[in-house]
Amino acid sequence: MSDGDILLRVKDLKTHLRGRDGQRVVKAVDGVSFDLRRGETLGIIGESGSGKSMTALSIMRILPSSARVIGGEIRFNGENLLTKSDREMRRLRGEQLSMILQDPMVSLDPLFTVGSQLAEPLRAHMGLGGAALKSRMTELMSAVSIPSPEQRLKQYPHQMSGGMLQRIVGAIAISCDPQLLIADEPTTALDPTVQAQFLDLLEALRDSKHLSVIVVTHDFGVAARLCDRVMVMYAGRIVEMGPIREIFDHPRHPYTKALLASIPDATGAGAGARRLRTIEGSPPDLGALPPGCPFAPRCISVMERCRRDYPPEFRIATEHVASCWQVQSQ
Amino acid sequence: MLRYFFSRLRLAIITILGVSLIVFVTSRMSGDATLLLLPQDASEADIKAMQHDLGLDASYPVQYYRFVVNVAHGDFGQSLRYREPALGLVMSRLPATLELAFSAFILSTIVGLILGIISARRRSSWFDYGARIFSITAQSMPSFWVGIMLILVFAVELRWLPTSGAQGIQYLVLPVVTLALVPIASTLRITRSAMIETLDADYVKFLRVKGLAERYIVWKHAFRNALVPVIAISGLTLGFLIGGTVIIESVFAWPGLGNLMVEAIFTRDYPVIQAGVSVTSVFLIFLNLAVDLLFGVIDPRVRFG
């Protein structure tokens, strides 16, 4: 894999939060490294609090004021985003890096028409105006398959359904033909019936616009639909990463195995055969992590060593890595 | 928008009718007006005759009907003290009061908004703490005391401004500042919390995703959203200000409606009290109607809802 193929290279990213009391430091992202190839779709999977959203927000550099990137590199087309000025970063955001947020019902300003909100990035980044702006907007609305776009553009967010709003958010996100699109739980807030539709749309947009995509999700089903590779995060670190089929068929980290076992089987075939398993315990307090592997307290195959030392990354196959002492011992 | 307008208008009319009923009932409850008008030794026949003249011998529903009809024609009766139409007296004093109230409203809105936005954007800074201490202090000091203190400092000690009266712009400063202090504090607090809420909202995050300038995001989007609750309370603020002038006008000897009303209450000049209460009420009801309409203009959810 030559460096030219790599769109985004994240190296040892550390993002810390100040706790509510202002003193305690929460290691939301604690040494995350991964590459994203051009045209690839990478899934980031984890429970809430695993650091998956913080990783996404760090790349976009739109962290909440309590959070700060304290170390690492984020190279986008070879350039480190973390050393860019706010102004340079703003120019990249919306134009080359874009993002879809979780809840479409609150992603748009309720006081402005969707048209005016779609026009904003087109004006700011592409300098469009007049007839060119209008035709571009109609084109984008059709690209996300919204019927009668002219009328819809004049409407306000509260006049539309969640599914339609998420498609409009999608249209805004891809309006300036970005190279990277981050989708943070893009279907979680949608009705089940429109979830599949939106995933279809996302897939179609990715292929037609040659987007590289990062999908942040807690849902293996979503990852299976869209992703080439996935990385599983736990307590701010990557515990396992590999091609989606590999992870599905041969998960190596106990946490990944547990997550996969907790998926309800949609086909119903396995429903009677096995009971749905949940993961015992709750995610760790990121402000007071014990030494060793943070998953150890919940792990069913925990060993003596796990409680002492954090496991390094072990390579299982060319692209499949996992951070677990068990993998080494096998 | 039109449907919204008519529903608000209907509500305003119902409120005005309610106010007329309250004015009518409270004035009947305060005793027989004829006894005040006649000498102590008036005969039973004199009282009866007077009651008949004033229409007080009719049943209450009939009296109320006549009251409403008269008021609709702008007739609140004669002032017992000045012997001239009560409405004319009230209207001649109204401009001075409105001058005071609106000056204070404009001052409190502008200052409250600016301080609130700065507070929200510099959360937990010394400025923010200072603003919080200011708003708690301002809201807990009685306005007549503040007025007297301001007179002592700026008029008596420093001699920068006149103590009382209304002969020019410099006479406006102290009463307006006194009156505006509480609404500045409340506007500040509401603006601050609304601004903090909008700056944390997901749509602001998405505006940042779009790569728009921070100043644009704050002023075009966050500020406009924060304005919604500020407008929502502005009707209340105006009511507070117009009511608040009663005390302030006494302290600063301001020749407005408030002073006239206090005088009328002391001399039991019922027609003037009725006219004053009715006029301020109707005025406030229409101001609130205007605020509601402004609300509809700024927020599409209200307009289409």
# chains A, B, ... in the order shown; residues from 1 in each chain; ligands from 1
>>> interface_residues(of="chain B", to="chain A", cutoff="12 Å", atoms="only C-alpha atoms", output="PyMOL selection string")
chain B and resi 121-124+198-214+216-217+220-228+295-305
>>> write_last_selection(atoms="N, CA and C atoms", output="CSV table (one decimal), in the first residue's frame")
chain,number,residue,atom,x,y,z
B,121,ARG,N,-20.7,33.8,25.6
B,121,ARG,CA,-19.5,33.4,24.9
B,121,ARG,C,-18.3,33.3,25.7
B,122,ARG,N,-18.2,34.0,26.9
B,122,ARG,CA,-17.1,33.9,27.8
B,122,ARG,C,-17.6,33.2,29.1
B,123,ARG,N,-18.2,32.1,28.9
B,123,ARG,CA,-18.7,31.3,30.1
B,123,ARG,C,-17.6,31.2,31.1
B,124,SER,N,-18.0,31.4,32.4
B,124,SER,CA,-17.1,31.1,33.5
B,124,SER,C,-15.9,32.1,33.6
B,198,THR,N,-28.2,27.5,22.5
B,198,THR,CA,-28.1,27.4,21.0
B,198,THR,C,-26.6,27.1,20.6
B,199,LEU,N,-25.6,27.7,21.3
B,199,LEU,CA,-24.3,27.4,20.8
B,199,LEU,C,-23.9,26.0,21.0
B,200,ASP,N,-24.6,25.3,21.9
B,200,ASP,CA,-24.3,23.8,22.1
B,200,ASP,C,-25.2,22.9,21.2
B,201,ALA,N,-26.1,23.6,20.5
B,201,ALA,CA,-27.1,22.8,19.7
B,201,ALA,C,-26.4,22.1,18.6
B,202,ASP,N,-27.0,21.0,18.2
B,202,ASP,CA,-26.5,20.2,17.1
B,202,ASP,C,-26.4,21.0,15.7
B,203,TYR,N,-27.4,21.9,15.5
B,203,TYR,CA,-27.4,22.6,14.3
B,203,TYR,C,-26.2,23.5,14.2
B,204,VAL,N,-25.8,24.0,15.3
B,204,VAL,CA,-24.6,24.9,15.4
B,204,VAL,C,-23.3,24.0,15.0
B,205,LYS,N,-23.3,22.8,15.6
B,205,LYS,CA,-22.2,21.9,15.3
B,205,LYS,C,-22.2,21.6,13.8
B,206,PHE,N,-23.4,21.4,13.2
B,206,PHE,CA,-23.5,21.1,11.8
B,206,PHE,C,-23.1,22.4,10.9
B,207,LEU,N,-23.3,23.6,11.4
B,207,LEU,CA,-22.9,24.8,10.7
B,207,LEU,C,-21.4,24.8,10.7
B,208,ARG,N,-20.8,24.3,11.8
B,208,ARG,CA,-19.3,24.3,11.9
B,208,ARG,C,-18.8,23.3,10.9
B,209,VAL,N,-19.5,22.1,10.8
B,209,VAL,CA,-19.1,21.1,9.8
B,209,VAL,C,-19.1,21.7,8.4
B,210,LYS,N,-20.0,22.6,8.2
B,210,LYS,CA,-20.1,23.2,6.8
B,210,LYS,C,-19.0,24.1,6.5
B,211,GLY,N,-18.2,24.4,7.6
B,211,GLY,CA,-17.0,25.3,7.4
B,211,GLY,C,-17.4,26.8,7.3
B,212,LEU,N,-18.4,27.2,8.0
B,212,LEU,CA,-18.8,28.6,8.0
B,212,LEU,C,-18.1,29.3,9.0
B,213,ALA,N,-17.9,30.6,8.8
B,213,ALA,CA,-17.2,31.4,9.8
B,213,ALA,C,-17.9,31.5,11.1
B,214,GLU,N,-17.1,31.5,12.2
B,214,GLU,CA,-17.7,31.5,13.5
B,214,GLU,C,-18.6,32.7,13.8
B,216,TYR,N,-20.2,34.4,11.6
B,216,TYR,CA,-21.5,34.2,10.9
B,216,TYR,C,-22.4,33.3,11.7
B,217,ILE,N,-21.9,32.2,12.2
B,217,ILE,CA,-22.7,31.2,12.9
B,217,ILE,C,-23.3,31.9,14.2
B,220,LYS,N,-25.7,35.1,12.7
B,220,LYS,CA,-26.8,34.8,11.9
B,220,LYS,C,-27.7,33.7,12.4
B,221,HIS,N,-27.1,32.7,13.0
B,221,HIS,CA,-27.9,31.6,13.5
B,221,HIS,C,-28.2,31.5,15.0
B,222,ALA,N,-27.1,31.5,15.8
B,222,ALA,CA,-27.2,31.4,17.2
B,222,ALA,C,-28.0,32.6,17.8
B,223,PHE,N,-27.6,33.8,17.4
B,223,PHE,CA,-28.2,35.0,18.0
B,223,PHE,C,-29.7,35.0,17.7
B,224,ARG,N,-30.1,34.7,16.4
B,224,ARG,CA,-31.5,34.7,16.0
B,224,ARG,C,-32.3,33.7,16.8
B,225,ASN,N,-31.7,32.5,17.1
B,225,ASN,CA,-32.4,31.6,17.9
B,225,ASN,C,-32.6,32.0,19.3
B,226,ALA,N,-31.5,32.6,19.8
B,226,ALA,CA,-31.5,33.1,21.2
B,226,ALA,C,-32.5,34.2,21.4
B,227,LEU,N,-32.8,34.9,20.3
B,227,LEU,CA,-33.8,36.0,20.3
B,227,LEU,C,-35.2,35.6,20.6
B,228,VAL,N,-35.5,34.3,20.2
B,228,VAL,CA,-36.9,33.8,20.4
B,228,VAL,C,-37.4,34.0,21.8
B,295,PHE,N,-43.1,37.3,17.0
B,295,PHE,CA,-42.8,36.0,17.3
B,295,PHE,C,-43.0,35.1,16.1
B,296,GLY,N,-44.2,35.3,15.5
B,296,GLY,CA,-44.6,34.5,14.3
B,296,GLY,C,-43.7,34.8,13.1
B,297,VAL,N,-43.3,36.1,13.0
B,297,VAL,CA,-42.4,36.5,11.9
B,297,VAL,C,-41.0,35.8,12.0
B,298,ILE,N,-40.5,35.8,13.3
B,298,ILE,CA,-39.1,35.2,13.4
B,298,ILE,C,-39.1,33.7,13.5
B,299,ASP,N,-40.1,33.1,14.0
B,299,ASP,CA,-40.1,31.6,14.1
B,299,ASP,C,-41.1,30.9,13.3
B,300,PRO,N,-40.7,30.2,12.2
B,300,PRO,CA,-41.6,29.6,11.3
B,300,PRO,C,-42.5,28.5,12.0
B,301,ARG,N,-42.0,27.9,13.1
B,301,ARG,CA,-42.8,26.9,13.7
B,301,ARG,C,-44.0,27.5,14.3
B,302,VAL,N,-44.0,28.8,14.7
B,302,VAL,CA,-45.1,29.5,15.3
B,302,VAL,C,-46.1,29.8,14.1
B,303,ARG,N,-45.5,30.3,13.1
B,303,ARG,CA,-46.2,30.8,11.9
B,303,ARG,C,-47.1,29.7,11.3
B,304,PHE,N,-46.5,28.5,11.1
B,304,PHE,CA,-47.2,27.4,10.5
B,304,PHE,C,-47.9,26.5,11.5
B,305,GLY,N,-47.6,26.6,12.7
B,305,GLY,CA,-48.0,25.7,13.7
B,305,GLY,C,-49.5,25.7,14.0
>>> residues_around(residues="Gln139 of chain B", least_positions_apart="4", cutoff="10 Å", atoms="only C-alpha atoms", output="PyMOL selection string")
chain B and resi 134-135+143+181-186
>>> write_last_selection(atoms="C-alpha atoms", output="PDB file, in the first residue's frame")
ATOM      1  CA  PHE B 134     -25.013  42.225  38.836  1.00  0.00           C
ATOM      2  CA  SER B 135     -28.232  40.516  37.788  1.00  0.00           C
ATOM      3  CA  SER B 143     -36.699  50.242  42.685  1.00  0.00           C
ATOM      4  CA  LEU B 181     -32.247  47.871  36.035  1.00  0.00           C
ATOM      5  CA  VAL B 182     -34.505  44.859  36.688  1.00  0.00           C
ATOM      6  CA  PRO B 183     -35.357  44.157  33.015  1.00  0.00           C
ATOM      7  CA  ILE B 184     -31.651  44.490  32.104  1.00  0.00           C
ATOM      8  CA  ALA B 185     -30.955  41.723  34.608  1.00  0.00           C
ATOM      9  CA  SER B 186     -33.767  39.476  33.384  1.00  0.00           C
TER      10      SER B 186
END
>>> atom_distance(atom1="atom CA of Ala138 of chain B", atom2="atom CA of Leu260 of chain B")
27.4 Å
>>> closest_residue(among="B:Ile231, B:Ile117, B:Val71, B:Leu56", to="Leu293 of chain B", atoms="only C-alpha atoms")
B:Ile231
>>> closest_residue(among="A:Leu259, A:Ala196, A:His218, A:Met241", to="Thr318 of chain A", atoms="only C-alpha atoms")
A:Met241
